[in-house]
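Beneath this line is the structure, given in structure tokens, with notes to follow.
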Amino acid sequence: MAPLLEVLKIRKSFGSLVANRDISFNVDSGEVLAILGENGAGKTTLMNIIFGHYLADEGVVKCAGRELRRGDPRAAIEAGIGMVHQHFTLADNLTVLENTLIGTQSLWKPMLSTAEARQKLVALAVQFGLEMNPDAYVHQMSVGEKQRLEILKTLINDCRLLILDEPTASLTPQESDGLFGSIRKMVSSGLGVIIISHKLNEIMRISDRIIVLRAGETVGTVRTADASKRQLGEMIVGQKITRPERRSSRMFHPKIKLENICTRKTNLQATSLKNIDLTVRGGEIMGVVGVAGNGQRSLAEVMSGHSKPTSGNVTIKGIRAFEHTPMSFMEAGVAYIPEDRNNDGIVGDMSVWENAVLTETQNAHLIGKMAMVKTSQCRSSAEKICSANDVRFQSINQPARLLSGGNIQKLLIGRWFARSPEIIVACQPSRGLDEGAISAIHRSLLAARGGGAAVILISEDLDEILALSDSIIVMYDGYASEPFENRNVDIASLGMMMAGDGFNAV
Amino acid sequence: MIFDFLEVLVNAGFWAATIRIACPLLLATLGELVCERAGVLNLGIEGIMSIGAMVGWTAVYMGADLSTGILAAALVGAAFGLVHAGFTVYLGASQHVTGIGITLFASSMGYFAFRLLLPSSTTPPKIIAFQPLDIPIFSELPFLGEAFFQHTAFTYLAFLAVPFVLWLMNRTPFGLAVKVAGENPMALEAQGIDVLGVRTLAVIIGSALMALGGAYLTMSAFDAFYFGMVNGRGWIAVALVIFASWRPSKALLGALLFAGLDAYQVRAQQLAGAVIPYQFFLMLPYLLSIVAMVVAAKSTRYPKALLTPFRRGERH
């Protein structure tokens, strides 16, 4: 019998970048195949080709022995392929039921029929442990619920092969467990599953077979039962890269202190802060964990002077802040590495050197009389920052948006660290970066800590928090927990707290 | 004095005028709403209304019957919708610039064609426009009859556009696809539906409705065509869509509210012309619309993909 899915010699390039080079593999019913690789290894591109979003330059995709029409998601869906995209493909303004109806009926029917679809939705939800209210609006749902809805959408289309692209990227550990439970139910009912991830632990738990991609090529295929994490890690990166280790360091006086901070909701998505008290000392990295959207962003904005709390005090190095502006906080020694580095960190259309000196508008060495920019000094200062932080570029005059994510982040960190900041607010500093860049950034943060700076590290990557932080707080719905010593923490209880456990009493 | 101002409200003529004034606004607002729900802002609305007014009138003047005139106006509107969609949906051009371009082009070309067809006339010629059509029994009702049931067939048609758009948007698979196209086009693409096709068709349907709004002016409200007769109604409709939070039923409310204010200010001018300058009353509907917009728009949720072109096969 032909395998459920057969991928033969797929090749795809974007301009000069070869995203996929002669990739072939099979998936059978009842099997979980994991595709593992760094960001930019070509995993998502490959899935988009299978599902028909992209046209491959060469190669064939066969489903149950029959060749799929190229570049047509409709053909893939009809052949029984379902895909859960990394960025949800849901319409927030519609209900669960309406979202599942998209594409199930001819556009030219005069009347949408819903009764049958509702029955099927409820039945499938029960069968696979994905219960939800068909009439709930998507914008009211949590990330975990949206994910379940995405899976339901594929099941409603009678999918036999499910592709999951980074499904656990923004789930709590408990939600991930729930997801894996559903995956096991689907597999035992005969579905094939492809799961894409760069989280080794999860892949080891859920998959039967692993394919590792690097720079668009297949590095190897292993059976999960025979694989070790170390071996896989080296296959992914291609060389041994070790993340730096945290050594004990001396703690100094409090550098930044928040007392009873509350904020107002600034927009619909933001979560307001409620009575936040925290102190970060010099030589300390404080990790902030929590599911995305529980006030981490508001906290970072208050600590970097981007927003003014409605009540409470911010004290920096013993002096209470009265002026809540980014400039005054910068002058007090705060550095801010924003979550959205492409939009809030750099100005994409300005050159690399301009971006490297953006924070130095008050620097008399770089800005001359009559507010004229001293171009040559700026360039040499920028070159110094870039070479010290291993920022790679073709030309220092190229627009900064053409840099890779890792180089943008190294540029940002270098720019801030050139000011020798005493307080560093780092939001998701390693999100979406490759292993080499992550190690470099961790090394910079640890070096700053060793130099006596206070670091607030906001991250959704628990492993990162556990590796770097001296103390850890959990945020939920705008509240912050008491800080825990890192060595006293266990992941299960952190996960429970991320889901709101223990915050009711607050 | 105060009593006089209130008395206007119990005058059947005032309500009948409100209904008449609301029709072109209602059609145009519904048209713009369908476009924007699909993620395409259509600022060609003012020009499309002008050309609809011109084509509908000209067809009747040339001897076609009134329903053919309506059809002709709708077809020309649809054609301009196709042009707008071609630029904004398929080529990803700026929706603002394309829309303004279409408005400038369509209004001027409409008048140009009008002058070519009728070069020598100084006073605008007239057609026999839609005549009042009394609805049996209802038109006999005291007050209500005169206010609501002695209008032209085109007026009733304009109000029937509300249930039509409600049905289209909320009851058909196509309407569902339109709403998704304006919120998250990837959700359509991921189900194998042609986003560009759905958006284009929505813009065509919306533009046809706009052109009908224009045609109402020359074929029902008046019986002649002259330059600049749309007079900003298209821009009001763009604002009313926001007031309506992209909901057809609230679009009806908004159009009636604005039309009511307009009908009221004409009557208030006559009552207080000596005391308060008439310009104040002329300003009134716009002023109150701004207030209403500010209040309504606070809680509004824009279609998330409005103004964002969609391209297949690009890395997101």
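Chains: A, B, ... in order of the structure tokens. Residues: from 1 per chain. Ligands: from 1, in order shown.
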
For this session: Name all residues at most 7 Å from A:Asn313 (count only C-alpha atoms; drop same-chain ones fewer than 6 positions away) and give them as a ChimeraX atom specification.
Result: /A:258-261,320

Using the selection just defined, write its residues with N, CA and C atoms as a PDB file, in the first residue's frame.
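Written file, selection-v4.pdb:
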ATOM      1  N   LEU A 258       9.926  48.684  42.192  1.00  0.00           N
ATOM      2  CA  LEU A 258       8.560  49.093  41.895  1.00  0.00           C
ATOM      3  C   LEU A 258       7.737  48.890  43.145  1.00  0.00           C
ATOM      4  N   GLU A 259       6.946  49.920  43.495  1.00  0.00           N
ATOM      5  CA  GLU A 259       6.102  49.788  44.683  1.00  0.00           C
ATOM      6  C   GLU A 259       4.656  50.035  44.298  1.00  0.00           C
ATOM      7  N   ASN A 260       3.861  49.015  44.485  1.00  0.00           N
ATOM      8  CA  ASN A 260       2.419  49.157  44.328  1.00  0.00           C
ATOM      9  C   ASN A 260       2.017  49.771  42.988  1.00  0.00           C
ATOM     10  N   ILE A 261       2.648  49.285  41.909  1.00  0.00           N
ATOM     11  CA  ILE A 261       2.412  49.882  40.597  1.00  0.00           C
ATOM     12  C   ILE A 261       1.106  49.369  39.986  1.00  0.00           C
ATOM     13  N   ARG A 320      13.531  58.371  43.385  1.00  0.00           N
ATOM     14  CA  ARG A 320      12.210  58.140  42.854  1.00  0.00           C
ATOM     15  C   ARG A 320      12.046  58.853  41.506  1.00  0.00           C
TER      16      ARG A 320
END

For this session: Enumerate as a ChimeraX atom specification the residues belonging to chain B that approach chain A to within 12 Å, with only C-alpha atoms taken into account.
Result: /B:37,164,167-195,197-198,201,246,298-305,311-316

For this session: Find the residues around B:Pro24 up to 7 Å (only C-alpha atoms counted), leave out those fewer than 3 positions away in its own chain, and share them as JSON, numbers by chain.
Result: {"B": [21, 27, 28, 213, 214, 216, 217]}

Problem set entry | 12 Å contact set for B:Val291, only C-alpha atoms, chain neighbours under 5 positions out, as JSON, numbers by chain | {"B": [239, 243, 258, 284, 285, 286, 296, 297, 298]}

Problem set entry | Secondary structure check, helix (DSSP H, G or I) residues of stretch 81-159 of chain B, as a ChimeraX atom specification | /B:81-90,95-117,138-140,144-148,153-159

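Take the candidates B:Ile2, B:Met293, B:Ala129, B:Ala17 and check each one against B:Phe225 using only C-alpha atoms; the shortest distance goes to B:Ala129.
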
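Using only C-alpha atoms, the contacts of B:Leu212 at a cut-off of 7 Å, with sequence neighbours closer than 6 positions omitted, comprise Leu27, Gly52, Ile70, Ala73 and Ala74 of chain B.
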
Problem set entry | Residue neighbourhood A:Ile236, 7 Å, only C-alpha atoms, exclusion window fewer than 4 positions, as a list in words | Gly37, Glu38, Val212, Leu213, Arg214 and Leu232 of chain A

Problem set entry | Long-range neighbours of B:Ser108 as a list of chain:residue names, 9 Å cut-off, only C-alpha atoms, 4 positions minimum in chain | B:Gly47, B:Ser50, B:Ile51, B:Thr103, B:Leu104, B:Phe112, B:Ala113, B:Phe227

Those residues with N, CA and C atoms, as a PDB file, in the first residue's frame please?
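Produced file out23.pdb, reproduced below:
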ATOM      1  N   GLY B  47     -17.145  59.460  -6.767  1.00  0.00           N
ATOM      2  CA  GLY B  47     -17.166  59.444  -8.225  1.00  0.00           C
ATOM      3  C   GLY B  47     -18.106  58.392  -8.779  1.00  0.00           C
ATOM      4  N   SER B  50     -21.478  59.714  -8.697  1.00  0.00           N
ATOM      5  CA  SER B  50     -21.691  60.699  -9.761  1.00  0.00           C
ATOM      6  C   SER B  50     -21.977  60.019 -11.082  1.00  0.00           C
ATOM      7  N   ILE B  51     -21.135  59.030 -11.394  1.00  0.00           N
ATOM      8  CA  ILE B  51     -21.307  58.404 -12.704  1.00  0.00           C
ATOM      9  C   ILE B  51     -22.581  57.572 -12.725  1.00  0.00           C
ATOM     10  N   THR B 103     -12.496  58.639  -7.949  1.00  0.00           N
ATOM     11  CA  THR B 103     -13.470  59.699  -7.715  1.00  0.00           C
ATOM     12  C   THR B 103     -13.247  60.870  -8.670  1.00  0.00           C
ATOM     13  N   LEU B 104     -11.997  61.308  -8.791  1.00  0.00           N
ATOM     14  CA  LEU B 104     -11.715  62.446  -9.679  1.00  0.00           C
ATOM     15  C   LEU B 104     -12.054  62.094 -11.123  1.00  0.00           C
ATOM     16  N   PHE B 112     -18.246  65.174 -18.455  1.00  0.00           N
ATOM     17  CA  PHE B 112     -17.721  65.328 -19.807  1.00  0.00           C
ATOM     18  C   PHE B 112     -18.630  64.595 -20.801  1.00  0.00           C
ATOM     19  N   ALA B 113     -18.955  63.344 -20.484  1.00  0.00           N
ATOM     20  CA  ALA B 113     -19.818  62.561 -21.366  1.00  0.00           C
ATOM     21  C   ALA B 113     -21.187  63.225 -21.473  1.00  0.00           C
ATOM     22  N   PHE B 227     -23.618  68.971 -12.659  1.00  0.00           N
ATOM     23  CA  PHE B 227     -22.291  68.673 -12.118  1.00  0.00           C
ATOM     24  C   PHE B 227     -22.268  68.879 -10.597  1.00  0.00           C
TER      25      PHE B 227
END
